[in-house]
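Data from run-v1.tsv: TSV, C-alpha atoms and all ligand atoms
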```tsv
chain	number	residue	atom	x	y	z
A	8	MET	CA	54.57	86.05	80.52
A	9	ALA	CA	57.68	84.21	79.34
A	10	CYS	CA	61.02	85.71	80.34
A	11	GLU	CA	61.98	86.43	76.74
A	12	ASP	CA	58.89	88.54	76.09
A	13	ARG	CA	59.35	92.25	75.73
A	14	TYR	CA	56.96	94.37	77.69
A	15	ARG	CA	56.40	98.05	78.18
A	16	ILE	CA	56.74	100.07	81.32
A	17	LYS	CA	55.86	103.69	81.64
A	18	ILE	CA	58.43	106.09	83.00
A	19	ARG	CA	58.12	109.74	83.73
A	20	ASP	CA	59.86	112.12	81.37
A	21	PRO	CA	63.21	110.32	81.00
A	22	TYR	CA	65.19	113.56	80.85
A	23	ASN	CA	63.82	115.00	84.05
A	24	SER	CA	63.02	111.99	86.18
A	25	TYR	CA	66.51	110.55	86.50
A	26	THR	CA	67.50	110.07	90.11
A	27	GLU	CA	70.20	108.11	91.87
A	28	TYR	CA	67.69	105.25	91.91
A	29	MET	CA	67.43	105.39	88.12
A	30	PHE	CA	64.31	106.36	86.22
A	31	GLN	CA	61.11	106.78	88.15
A	32	VAL	CA	58.87	104.03	86.94
A	33	THR	CA	55.21	104.88	87.15
A	34	HIS	CA	52.57	102.33	87.96
A	35	SER	CA	51.01	101.15	84.73
A	36	ASP	CA	48.92	98.07	85.53
A	37	GLY	CA	45.55	98.18	83.90
A	38	GLU	CA	46.24	101.23	81.79
A	39	LYS	CA	44.42	100.82	78.56
A	40	ASP	CA	46.78	102.84	76.46
A	41	ILE	CA	49.99	101.07	77.49
A	42	ALA	CA	50.14	99.04	74.28
A	43	THR	CA	49.91	102.15	72.18
A	44	LEU	CA	52.73	104.07	73.88
A	45	LYS	CA	55.67	104.93	71.71
A	46	LEU	CA	58.87	103.04	72.40
A	47	ALA	CA	62.04	104.99	72.99
A	48	THR	CA	64.29	104.48	70.01
A	49	ASP	CA	67.36	106.59	70.76
A	50	ILE	CA	70.43	104.44	70.99
A	51	ILE	CA	73.71	105.85	72.20
A	52	GLU	CA	76.79	103.84	71.42
A	53	HIS	CA	79.98	104.31	73.38
A	54	ASN	CA	82.20	102.20	71.23
A	55	ILE	CA	84.76	104.79	70.23
A	56	PRO	CA	88.17	103.10	70.21
A	57	SER	CA	90.09	104.43	73.13
A	58	ILE	CA	93.07	103.54	75.26
A	59	THR	CA	92.34	103.55	78.93
A	60	LEU	CA	94.59	103.51	81.96
A	61	ASP	CA	95.94	100.01	82.47
A	62	LEU	CA	98.76	99.97	85.02
A	63	LYS	CA	100.64	96.69	85.28
A	64	TYR	CA	103.76	95.94	87.30
A	65	ASP	CA	106.31	94.28	85.03
A	66	LYS	CA	107.87	91.61	87.24
A	67	THR	CA	110.24	90.53	84.45
A	68	ALA	CA	111.92	93.96	84.28
A	69	PRO	CA	114.89	94.87	86.52
A	70	ALA	CA	113.80	95.58	90.11
A	71	LEU	CA	113.04	99.20	90.98
A	72	TYR	CA	113.56	98.65	94.69
A	73	ARG	CA	116.88	97.34	96.00
A	74	CYS	CA	117.95	96.86	99.62
A	75	ASP	CA	120.01	99.80	100.90
A	76	TYR	CA	122.26	97.44	102.86
A	77	ASN	CA	123.18	94.70	100.36
A	78	GLN	CA	121.64	95.87	97.04
A	79	SER	CA	119.51	92.74	96.65
A	80	ASP	CA	116.40	93.02	94.46
A	81	LEU	CA	113.23	93.35	96.51
A	82	ASP	CA	110.35	93.70	94.01
A	83	LEU	CA	109.75	89.95	93.65
A	84	VAL	CA	110.36	89.38	97.37
A	85	ALA	CA	107.52	91.81	98.10
A	86	TYR	CA	105.15	90.13	95.66
A	87	ALA	CA	106.06	86.71	97.10
A	88	ALA	CA	105.29	87.93	100.64
A	89	LEU	CA	101.94	89.28	99.42
A	90	GLU	CA	101.15	85.96	97.75
A	91	VAL	CA	101.70	84.15	101.07
A	92	GLU	CA	99.02	86.40	102.58
A	93	ARG	CA	96.59	86.05	99.64
A	94	GLU	CA	93.85	84.11	101.47
A	95	HIS	CA	94.00	86.02	104.77
A	96	LEU	CA	94.05	89.38	103.00
A	97	GLN	CA	91.14	88.38	100.75
A	98	ALA	CA	89.06	87.28	103.75
A	99	PHE	CA	89.74	90.67	105.39
A	100	TRP	CA	88.92	92.54	102.17
A	101	VAL	CA	85.65	90.62	101.68
A	102	LYS	CA	84.40	91.95	105.04
A	103	TRP	CA	85.29	95.50	104.00
A	104	HIS	CA	83.76	95.00	100.59
A	105	SER	CA	80.45	93.99	102.22
A	106	TRP	CA	80.59	96.97	104.55
A	107	ILE	CA	81.33	99.47	101.76
A	108	SER	CA	78.66	97.93	99.51
A	109	ALA	CA	76.07	98.09	102.29
A	110	LYS	CA	76.89	101.73	103.02
A	111	GLY	CA	76.43	102.69	99.38
A	112	THR	CA	76.78	106.41	98.84
A	113	ARG	CA	77.28	106.92	102.59
A	114	ALA	CA	80.53	104.94	102.54
A	115	PRO	CA	83.71	106.99	102.99
A	116	GLU	CA	85.44	108.06	99.82
A	117	MET	CA	87.76	105.18	99.11
A	118	ASP	CA	88.93	105.04	95.53
A	119	LYS	CA	92.10	103.24	96.46
A	120	ILE	CA	93.37	100.92	99.16
A	121	LEU	CA	96.93	100.60	100.40
A	122	VAL	CA	98.24	97.24	101.56
A	123	GLN	CA	101.32	97.22	103.80
A	124	LEU	CA	103.36	94.34	105.15
A	125	GLU	CA	106.89	93.62	106.27
A	126	ILE	CA	108.96	91.54	103.89
A	127	PRO	CA	111.98	89.32	104.58
A	128	CYS	CA	115.44	90.29	103.36
A	129	VAL	CA	118.83	88.62	103.75
A	130	CYS	CA	120.16	91.86	105.27
A	131	GLY	CA	118.19	91.09	108.42
A	132	ASN	CA	116.78	94.62	108.64
A	133	PRO	CA	113.04	95.29	108.34
A	134	HIS	CA	111.62	96.43	105.00
A	135	ARG	CA	107.98	97.51	104.69
A	136	ALA	CA	106.37	97.01	101.29
A	137	THR	CA	103.42	99.17	100.29
A	138	PHE	CA	101.05	98.20	97.51
A	139	GLY	CA	98.22	100.24	96.04
A	140	ALA	CA	95.02	98.86	94.55
A	141	PRO	CA	91.93	100.54	93.13
A	142	THR	CA	88.78	99.91	95.16
A	143	LEU	CA	86.84	97.65	92.82
A	144	LEU	CA	83.33	96.81	93.94
A	145	SER	CA	81.37	93.99	92.35
A	146	HIS	CA	78.69	91.44	93.24
A	147	ILE	CA	81.62	89.07	93.91
A	148	PRO	CA	84.52	90.86	95.66
A	149	PRO	CA	87.45	91.02	93.20
A	150	ASP	CA	90.64	89.28	94.24
A	151	LEU	CA	92.56	92.08	95.94
A	152	VAL	CA	96.03	90.57	95.54
A	153	ASN	CA	95.58	90.44	91.75
A	154	HIS	CA	95.08	94.21	91.71
A	155	CYS	CA	97.91	95.16	94.09
A	156	LEU	CA	100.66	97.26	92.51
A	157	LEU	CA	103.96	97.82	94.31
A	158	ILE	CA	104.43	101.52	95.10
A	159	ASP	CA	107.16	101.58	97.76
A	160	ILE	CA	109.62	99.59	99.85
A	161	SER	CA	111.26	101.19	102.86
A	162	SER	CA	115.07	101.19	103.18
A	163	ALA	CA	115.30	100.83	99.40
A	164	SER	CA	116.40	104.30	98.33
A	165	LEU	CA	115.38	105.35	94.84
A	166	GLU	CA	118.25	107.88	94.82
A	167	ASP	CA	120.72	105.01	95.21
A	168	ARG	CA	118.94	102.94	92.62
A	169	LEU	CA	118.32	105.52	89.92
A	170	ASN	CA	121.52	107.56	89.81
A	171	CYS	CA	123.33	105.43	87.27
A	172	LEU	CA	123.85	104.42	83.66
A	173	ALA	CA	121.08	102.27	82.24
A	174	SER	CA	119.92	101.09	78.84
A	175	LYS	CA	117.03	102.94	77.20
A	176	THR	CA	114.88	99.86	77.78
A	177	GLU	CA	115.70	99.85	81.49
A	178	VAL	CA	114.95	103.58	81.76
A	179	MET	CA	111.51	102.98	80.23
A	180	SER	CA	110.86	100.06	82.62
A	181	SER	CA	111.88	102.17	85.62
A	182	LEU	CA	109.67	105.03	84.40
A	183	GLU	CA	106.75	102.63	84.03
A	184	LYS	CA	107.16	101.56	87.67
A	185	LEU	CA	107.59	105.15	88.83
A	186	LEU	CA	104.38	106.09	87.02
A	187	ILE	CA	102.56	103.41	89.02
A	188	ARG	CA	104.05	104.80	92.24
A	189	TRP	CA	103.19	108.40	91.30
A	190	HIS	CA	99.59	107.60	90.34
A	191	PHE	CA	99.09	106.49	93.96
A	192	ILE	CA	101.19	108.98	95.91
A	193	CYS	CA	101.21	112.17	93.83
A	194	ASP	CA	98.63	114.72	92.76
A	195	GLN	CA	100.17	115.42	89.39
A	196	ILE	CA	102.65	113.83	87.03
A	197	ILE	CA	104.67	115.61	84.36
A	198	ILE	CA	106.36	113.80	81.49
A	199	ALA	CA	108.63	116.13	79.55
A	200	SER	CA	110.28	114.61	76.51
A	201	PRO	CA	111.07	116.52	73.32
A	202	PHE	CA	110.72	113.40	71.20
A	203	VAL	CA	108.72	110.21	71.37
A	204	GLY	CA	110.66	107.49	69.56
A	205	HIS	CA	113.14	108.73	66.96
A	206	GLN	CA	113.08	109.87	63.35
A	207	TYR	CA	114.08	106.50	61.87
A	208	MET	CA	111.21	104.63	63.50
A	209	SER	CA	108.11	103.65	61.54
A	210	ALA	CA	104.82	105.44	62.26
A	211	GLU	CA	103.54	102.16	63.66
A	212	ASP	CA	106.41	101.86	66.16
A	213	ILE	CA	106.01	105.50	67.22
A	214	LEU	CA	102.30	104.95	67.76
A	215	ALA	CA	103.13	101.89	69.91
A	216	ILE	CA	105.12	104.15	72.29
A	217	TRP	CA	102.30	106.67	72.46
A	218	LYS	CA	99.87	103.88	73.26
A	219	TRP	CA	102.21	102.68	76.03
A	220	LEU	CA	102.11	106.22	77.38
A	221	PHE	CA	98.32	106.38	77.29
A	222	ARG	CA	98.00	103.00	79.06
A	223	ASN	CA	100.25	104.31	81.81
A	224	SER	CA	98.72	107.79	82.20
A	225	ASP	CA	95.55	108.87	83.93
A	226	PRO	CA	94.62	112.05	82.00
A	227	ARG	CA	93.36	113.61	85.25
A	228	LYS	CA	96.90	113.49	86.64
A	229	VAL	CA	99.38	113.33	83.79
A	230	THR	CA	100.58	116.09	81.48
A	231	VAL	CA	102.96	115.33	78.64
A	232	ILE	CA	105.12	118.20	77.43
A	233	THR	CA	106.66	117.57	74.04
A	234	ARG	CA	107.86	119.37	70.93
A	235	GLY	CA	105.62	120.22	68.01
A	236	GLU	CA	107.34	117.55	65.87
A	237	ALA	CA	106.37	114.73	68.23
A	238	TRP	CA	102.83	116.05	68.29
A	239	ALA	CA	102.75	116.06	64.49
A	240	ASP	CA	104.11	112.48	64.43
A	241	LEU	CA	101.25	111.35	66.65
A	242	LYS	CA	98.65	112.99	64.41
A	243	GLU	CA	100.31	111.48	61.36
A	244	ALA	CA	100.37	108.01	62.93
A	245	TYR	CA	96.64	108.22	63.54
A	246	SER	CA	95.76	109.65	60.13
A	247	ASP	CA	95.03	106.28	58.48
A	248	SER	CA	93.14	104.85	61.44
A	249	ALA	CA	89.38	104.63	61.81
A	250	MET	CA	89.57	107.42	64.37
A	251	PRO	CA	91.88	110.24	63.20
A	252	TYR	CA	93.40	112.44	65.86
A	253	GLU	CA	91.10	115.42	65.35
A	254	LYS	CA	88.10	113.22	65.96
A	255	ARG	CA	89.65	111.72	69.10
A	256	GLU	CA	90.32	115.20	70.39
A	257	ARG	CA	86.70	116.20	69.79
A	258	TYR	CA	85.50	113.32	71.95
A	259	GLY	CA	87.88	114.19	74.77
A	260	LEU	CA	89.78	110.93	74.62
A	261	PRO	CA	92.76	110.36	76.93
A	262	GLU	CA	95.17	111.65	74.33
A	263	LYS	CA	94.27	115.12	75.61
A	264	ILE	CA	97.03	114.71	78.21
A	265	ILE	CA	99.44	116.19	75.69
A	266	THR	CA	100.60	119.78	75.92
A	267	LYS	CA	101.71	120.82	72.47
A	268	GLY	CA	105.24	122.16	72.57
A	269	VAL	CA	104.97	124.89	69.93
A	270	THR	CA	106.63	127.50	72.08
A	271	LEU	CA	109.42	125.20	73.18
A	272	ARG	CA	111.60	125.07	70.07
A	273	HIS	CA	114.84	124.85	72.02
A	274	PHE	CA	113.51	122.35	74.48
A	275	HIS	CA	115.74	119.28	74.65
A	276	ALA	CA	115.38	118.35	78.32
A	277	LYS	CA	113.93	115.05	79.45
A	278	PHE	CA	112.45	114.80	82.90
A	279	PHE	CA	109.66	112.92	84.57
A	280	ALA	CA	108.16	114.25	87.79
A	281	GLY	CA	105.67	113.07	90.40
A	282	CYS	CA	104.39	116.23	92.12
A	283	SER	CA	102.77	116.70	95.52
A	284	PRO	CA	102.56	119.81	97.69
A	285	GLU	CA	105.05	118.17	100.09
A	286	LYS	CA	107.68	117.21	97.54
A	287	VAL	CA	108.47	116.40	93.94
A	288	GLU	CA	110.20	113.20	92.86
A	289	LEU	CA	112.19	113.74	89.70
A	290	LEU	CA	113.77	111.33	87.24
A	291	SER	CA	115.83	113.01	84.55
A	292	GLY	CA	118.45	111.99	82.06
A	293	SER	CA	119.50	111.73	78.47
A	294	ALA	CA	116.87	109.25	77.25
A	295	ASN	CA	113.86	110.09	75.12
A	296	LEU	CA	110.76	107.94	75.31
A	297	VAL	CA	112.07	104.96	73.38
A	298	ARG	CA	113.38	101.48	74.15
A	299	GLY	CA	116.76	100.19	73.01
A	300	PRO	CA	120.12	98.79	74.15
A	301	SER	CA	122.17	102.00	74.18
A	302	LEU	CA	123.26	103.34	77.54
A	303	GLU	CA	121.92	106.59	78.97
A	304	ASN	CA	122.65	108.50	82.15
A	305	ILE	CA	119.79	109.02	84.59
A	306	SER	CA	119.44	110.74	87.94
A	307	PHE	CA	116.75	110.78	90.60
A	308	ASN	CA	116.18	113.27	93.37
A	309	THR	CA	113.47	114.89	95.43
A	310	MET	CA	112.88	118.58	96.05
A	311	PRO	CA	110.22	120.92	97.44
A	312	ALA	CA	107.43	121.78	94.98
A	313	THR	CA	108.40	125.48	95.03
A	314	ARG	CA	111.97	124.69	93.95
A	315	PHE	CA	110.75	122.38	91.18
A	316	LYS	CA	108.48	125.12	89.87
A	317	LYS	CA	111.28	127.70	89.88
A	318	LYS	CA	114.01	125.47	88.42
A	319	TYR	CA	111.99	123.53	85.86
A	320	LEU	CA	108.50	124.75	85.02
A	321	ASP	CA	109.29	128.46	85.14
A	322	VAL	CA	112.30	127.91	82.85
A	323	LEU	CA	110.05	126.11	80.37
A	324	CYS	CA	107.43	128.87	80.81
A	325	THR	CA	104.95	126.10	81.54
A	326	PRO	CA	102.62	126.57	84.49
A	327	LEU	CA	101.85	123.54	86.63
A	328	PRO	CA	98.47	122.22	85.48
A	329	GLN	CA	95.54	122.46	87.84
A	330	ALA	CA	95.69	119.73	90.47
A	331	GLY	CA	93.02	117.07	90.36
A	332	ASN	CA	91.42	115.57	93.42
A	333	VAL	CA	93.97	115.68	96.17
A	334	ASP	CA	93.91	112.85	98.70
A	335	ARG	CA	95.46	113.75	101.98
A	336	VAL	CA	94.65	110.46	103.69
A	337	ALA	CA	94.83	106.87	102.54
A	338	ARG	CA	92.85	103.91	103.79
A	339	ALA	CA	95.14	100.98	104.37
A	340	PHE	CA	95.14	97.32	105.29
A	341	VAL	CA	98.24	96.71	107.39
A	342	LEU	CA	99.59	93.32	108.45
A	343	SER	CA	100.50	93.63	112.13
A	344	HIS	CA	101.57	90.63	114.22
A	345	LYS	CA	100.14	88.28	111.58
A	346	VAL	CA	96.72	89.96	111.70
A	347	TRP	CA	95.30	92.29	109.04
A	348	GLU	CA	94.10	95.61	110.43
A	349	TYR	CA	92.41	98.62	108.90
A	350	THR	CA	93.94	102.02	109.46
A	351	ILE	CA	93.93	105.53	108.02
A	352	LEU	CA	97.33	106.88	107.01
A	353	LYS	CA	98.08	110.55	106.58
A	354	SER	CA	99.84	111.48	103.36
A	355	GLU	CA	103.25	112.02	104.92
A	356	SER	CA	103.30	108.49	106.33
A	357	TRP	CA	102.09	106.57	103.27
A	358	ILE	CA	105.57	105.78	102.16
B	401	ZN	ZN	117.48	94.35	103.09
```
Translate this file's structure into structure tokens.
Amino acid sequence: MACEDRYRIKIRDPYNSYTEYMFQVTHSDGEKDIATLKLATDIIEHNIPSITLDLKYDKTAPALYRCDYNQSDLDLVAYAALEVEREHLQAFWVKWHSWISAKGTRAPEMDKILVQLEIPCVCGNPHRATFGAPTLLSHIPPDLVNHCLLIDISSASLEDRLNCLASKTEVMSSLEKLLIRWHFICDQIIIASPFVGHQYMSAEDILAIWKWLFRNSDPRKVTVITRGEAWADLKEAYSDSAMPYEKRERYGLPEKIITKGVTLRHFHAKFFAGCSPEKVELLSGSANLVRGPSLENISFNTMPATRFKKKYLDVLCTPLPQAGNVDRVARAFVLSHKVWEYTILKSESWI
């Protein structure tokens, strides 16, 4: 039989015979009736336009991490140090990739990998950079360095960095980097902004901000709290598209991260929070979700989860959404004395 030929195989009832090894194929050689069996004709298409999580570290934006001692930018220094280790790290990862692949379902749960290494700084003090990467398995191990996203640098206080005046554009860039950090270190993320864009923006430009939000938000972790008007703008922006909002909602697309703000008529606060049981990191300020040159004030601080609930969520009468899967340990590749080692880090020591 030529490779291009179609042929029939017999499977047990396709609805009830599905196992982790796929359908149970029954032996059909020599069966006389095989040519007369009906072919399955149901086709399910999953081609609904959707925006999926796509975190990318913008290396052209102002650095999020700056040295506590001399204020020098460290983001690019960290990426440069990682690049130096590209080959050694990949060789180490390839061994782990083989091990995880061989273990199959018996491999430890490992949806993300942390990569830690010390980076040079003109201050002369040690800084430890931590990157996060999703565990991507494939027949050829993906290049780990290409998937590493910077999530922390030690001795680079975010309080020092983010208590300042900054342009709207810089606030959005900092938020984008914080969202990357929070997707790796927090259980839940809250984005509270009464408006998305502003009233003089076109529907197209407003939709572009929403799409930015969806690319940077895992719906299992992120909740957006906004006013009814912003919600209406989003629906309006989608009304002419091939997939109007109501239809997207029916299919459970990522846009479901939005909590409609109908009860929050007097809500004008803007805050962005990465929440864990241990602590909450909070960026707040005067900026809505929009880019632009005008200056805004921002502040960053951390507080216990109980205090955040009392001072923020209870005031908004908004309960904290149910936590998703909570990781209390992280599997990490750590560069120690020029050798990559595997270790398990407990949550309090990740960063
Ligand atoms: Zn330094």
Per-residue nearest contacts of chain A to ligand ZN 401 (chain B) (8 Å; only C-alpha atoms and all ligand atoms) as a tab-separated table:
```
residue	atom	partner	partner_atom	distance
A:Arg73	CA	B:ZN401	ZN	7.7
A:Cys74	CA	B:ZN401	ZN	4.3
A:Asp75	CA	B:ZN401	ZN	6.4
A:Tyr76	CA	B:ZN401	ZN	5.7
A:Asn77	CA	B:ZN401	ZN	6.3
A:Gln78	CA	B:ZN401	ZN	7.5
A:Ser79	CA	B:ZN401	ZN	6.9
A:Leu81	CA	B:ZN401	ZN	7.9
A:Pro127	CA	B:ZN401	ZN	7.6
A:Cys128	CA	B:ZN401	ZN	4.6
A:Val129	CA	B:ZN401	ZN	5.9
A:Cys130	CA	B:ZN401	ZN	4.3
A:Gly131	CA	B:ZN401	ZN	6.3
A:Asn132	CA	B:ZN401	ZN	5.6
A:Pro133	CA	B:ZN401	ZN	6.9
A:His134	CA	B:ZN401	ZN	6.5
A:Ser162	CA	B:ZN401	ZN	7.3
A:Ala163	CA	B:ZN401	ZN	7.8
```
Near Leu186 in chain A, within 7 Å and counting only C-alpha atoms, which residues show up once chain neighbours fewer than 4 positions away are dropped, as an mmCIF file with C-alpha atoms, in the frame of the given file?
```
data_model
loop_
_atom_site.group_PDB
_atom_site.id
_atom_site.type_symbol
_atom_site.label_atom_id
_atom_site.label_comp_id
_atom_site.auth_asym_id
_atom_site.auth_seq_id
_atom_site.Cartn_x
_atom_site.Cartn_y
_atom_site.Cartn_z
ATOM 1 C CA LEU A 182 109.670 105.030 84.400
ATOM 2 C CA HIS A 190 99.590 107.600 90.340
ATOM 3 C CA ASN A 223 100.250 104.310 81.810
#
```
Quiz prompt | Long-range neighbours of range 287-290 of chain A as a list in words, 7 Å cut-off, only C-alpha atoms, 4 positions minimum in chain | solution =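 Counting only C-alpha atoms, the residues come to Phe278, Phe279, Ala280, Gly281, Cys282, Ser283, Ile305, Ser306, Phe307, Asn308, Thr309, Met310, Pro311, Ala312 and Phe315 of chain A.
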Practice problem: Just the residues within 8 Å of Ala339 in chain A, please, counting only C-alpha atoms, with nothing from its chain fewer than 3 positions along; format it as JSON, numbers by chain. | Solution: {"A": [120, 121, 122, 123, 349, 350, 351, 352]}
Practice problem: Provide the CA of Arg168 in chain A to CA of Ser181 in chain A distance in Å, to one decimal place. | Solution: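 Taking CA of Arg168 in chain A as the start and CA of Ser181 in chain A as the end point, the length is 10.0 Å.
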Quiz prompt | Residue neighbourhood range 208-222 of chain A, 6 Å, all atoms listed in the file, exclusion window fewer than 5 positions, as a PyMOL selection string | solution = chain A and resi 59-61+244
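Closest approach to Ser174 in chain A from the set A:Cys324, A:Leu342, A:Ala114, A:Leu296 is made by A:Leu296, with distances taken over only C-alpha atoms.
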Quiz prompt | Among the residues A:Thr233, A:His205, A:Lys228, A:Ser293, the one that comes closest to Trp189 in chain A [using all atoms listed in the file] | solution =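 When distances to Trp189 in chain A are compared using all atoms listed in the file, the smallest one comes from A:Lys228.
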Practice problem: Enter the distance from CA of Ile107 in chain A to CA of His146 in chain A, in Å, rounded to one decimal. | Solution: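 Straight-line distance from CA of Ile107 in chain A to CA of His146 in chain A works out to 12.0 Å.
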Quiz item: In terms of the shortest atom-to-atom distance over all atoms listed in the file, which of A:Glu285, A:Glu125, A:Glu94, A:Asp240 is closest to Phe202 in chain A?
Solution: A:Asp240
Practice problem: Provide the CA of Arg234 in chain A to CA of Pro201 in chain A distance in Å, to one decimal place. | Solution: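 Distance reported for this atom pair: 4.9 Å.
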Quiz prompt | Which residue of A:Asp321, A:Lys66, A:Lys184, A:Tyr72 approaches Leu165 in chain A most closely, using all atoms listed in the file | solution = A:Tyr72
Practice problem: Kindly indicate which residue among A:Gln195, A:Gln206, A:Asn304, A:Ser200 lies nearest to Val231 in chain A, using only C-alpha atoms for the distances. | Solution: A:Ser200
Practice problem: Could you check which of A:Leu241, A:Leu172, A:Leu320, A:Leu62 is closest to Arg188 in chain A, using all atoms listed in the file? | Solution: A:Leu62
Can you rebuild range 134-152 of chain A with N, CA and C atoms and give it as a PDB file, in the frame of the given file?
```pdb
ATOM      1  N   HIS A 134     112.057  95.648 106.152  1.00  0.00           N
ATOM      2  CA  HIS A 134     111.620  96.430 105.000  1.00  0.00           C
ATOM      3  C   HIS A 134     110.092  96.366 104.981  1.00  0.00           C
ATOM      4  N   ARG A 135     109.448  97.489 104.775  1.00  0.00           N
ATOM      5  CA  ARG A 135     107.980  97.510 104.690  1.00  0.00           C
ATOM      6  C   ARG A 135     107.590  97.772 103.234  1.00  0.00           C
ATOM      7  N   ALA A 136     106.837  96.834 102.672  1.00  0.00           N
ATOM      8  CA  ALA A 136     106.370  97.010 101.290  1.00  0.00           C
ATOM      9  C   ALA A 136     104.977  97.608 101.309  1.00  0.00           C
ATOM     10  N   THR A 137     104.748  98.565 100.415  1.00  0.00           N
ATOM     11  CA  THR A 137     103.420  99.170 100.290  1.00  0.00           C
ATOM     12  C   THR A 137     102.910  98.942  98.865  1.00  0.00           C
ATOM     13  N   PHE A 138     101.715  98.398  98.794  1.00  0.00           N
ATOM     14  CA  PHE A 138     101.050  98.200  97.510  1.00  0.00           C
ATOM     15  C   PHE A 138      99.835  99.128  97.440  1.00  0.00           C
ATOM     16  N   GLY A 139      99.456  99.478  96.232  1.00  0.00           N
ATOM     17  CA  GLY A 139      98.220 100.240  96.040  1.00  0.00           C
ATOM     18  C   GLY A 139      97.292  99.436  95.150  1.00  0.00           C
ATOM     19  N   ALA A 140      96.010  99.551  95.410  1.00  0.00           N
ATOM     20  CA  ALA A 140      95.020  98.860  94.550  1.00  0.00           C
ATOM     21  C   ALA A 140      93.798  99.756  94.422  1.00  0.00           C
ATOM     22  N   PRO A 141      93.193  99.792  93.248  1.00  0.00           N
ATOM     23  CA  PRO A 141      91.930 100.540  93.130  1.00  0.00           C
ATOM     24  C   PRO A 141      90.838  99.807  93.899  1.00  0.00           C
ATOM     25  N   THR A 142      89.900 100.545  94.447  1.00  0.00           N
ATOM     26  CA  THR A 142      88.780  99.910  95.160  1.00  0.00           C
ATOM     27  C   THR A 142      87.755  99.456  94.140  1.00  0.00           C
ATOM     28  N   LEU A 143      87.763  98.187  93.828  1.00  0.00           N
ATOM     29  CA  LEU A 143      86.840  97.650  92.820  1.00  0.00           C
ATOM     30  C   LEU A 143      85.698  96.933  93.527  1.00  0.00           C
ATOM     31  N   LEU A 144      84.496  97.429  93.319  1.00  0.00           N
ATOM     32  CA  LEU A 144      83.330  96.810  93.940  1.00  0.00           C
ATOM     33  C   LEU A 144      82.575  96.005  92.892  1.00  0.00           C
ATOM     34  N   SER A 145      82.096  94.838  93.284  1.00  0.00           N
ATOM     35  CA  SER A 145      81.370  93.990  92.350  1.00  0.00           C
ATOM     36  C   SER A 145      80.462  93.072  93.154  1.00  0.00           C
ATOM     37  N   HIS A 146      79.556  92.339  92.476  1.00  0.00           N
ATOM     38  CA  HIS A 146      78.690  91.440  93.240  1.00  0.00           C
ATOM     39  C   HIS A 146      79.519  90.320  93.884  1.00  0.00           C
ATOM     40  N   ILE A 147      80.659  89.970  93.265  1.00  0.00           N
ATOM     41  CA  ILE A 147      81.620  89.070  93.910  1.00  0.00           C
ATOM     42  C   ILE A 147      82.881  89.900  94.153  1.00  0.00           C
ATOM     43  N   PRO A 148      83.348  90.010  95.402  1.00  0.00           N
ATOM     44  CA  PRO A 148      84.520  90.860  95.660  1.00  0.00           C
ATOM     45  C   PRO A 148      85.712  90.451  94.800  1.00  0.00           C
ATOM     46  N   PRO A 149      86.280  91.378  94.019  1.00  0.00           N
ATOM     47  CA  PRO A 149      87.450  91.020  93.200  1.00  0.00           C
ATOM     48  C   PRO A 149      88.620  90.592  94.085  1.00  0.00           C
ATOM     49  N   ASP A 150      89.474  89.765  93.512  1.00  0.00           N
ATOM     50  CA  ASP A 150      90.640  89.280  94.240  1.00  0.00           C
ATOM     51  C   ASP A 150      91.616  90.440  94.447  1.00  0.00           C
ATOM     52  N   LEU A 151      91.773  90.869  95.675  1.00  0.00           N
ATOM     53  CA  LEU A 151      92.560  92.080  95.940  1.00  0.00           C
ATOM     54  C   LEU A 151      94.015  91.918  95.532  1.00  0.00           C
ATOM     55  N   VAL A 152      94.611  90.757  95.833  1.00  0.00           N
ATOM     56  CA  VAL A 152      96.030  90.570  95.540  1.00  0.00           C
ATOM     57  C   VAL A 152      96.306  90.752  94.043  1.00  0.00           C
TER      58      VAL A 152
END
```
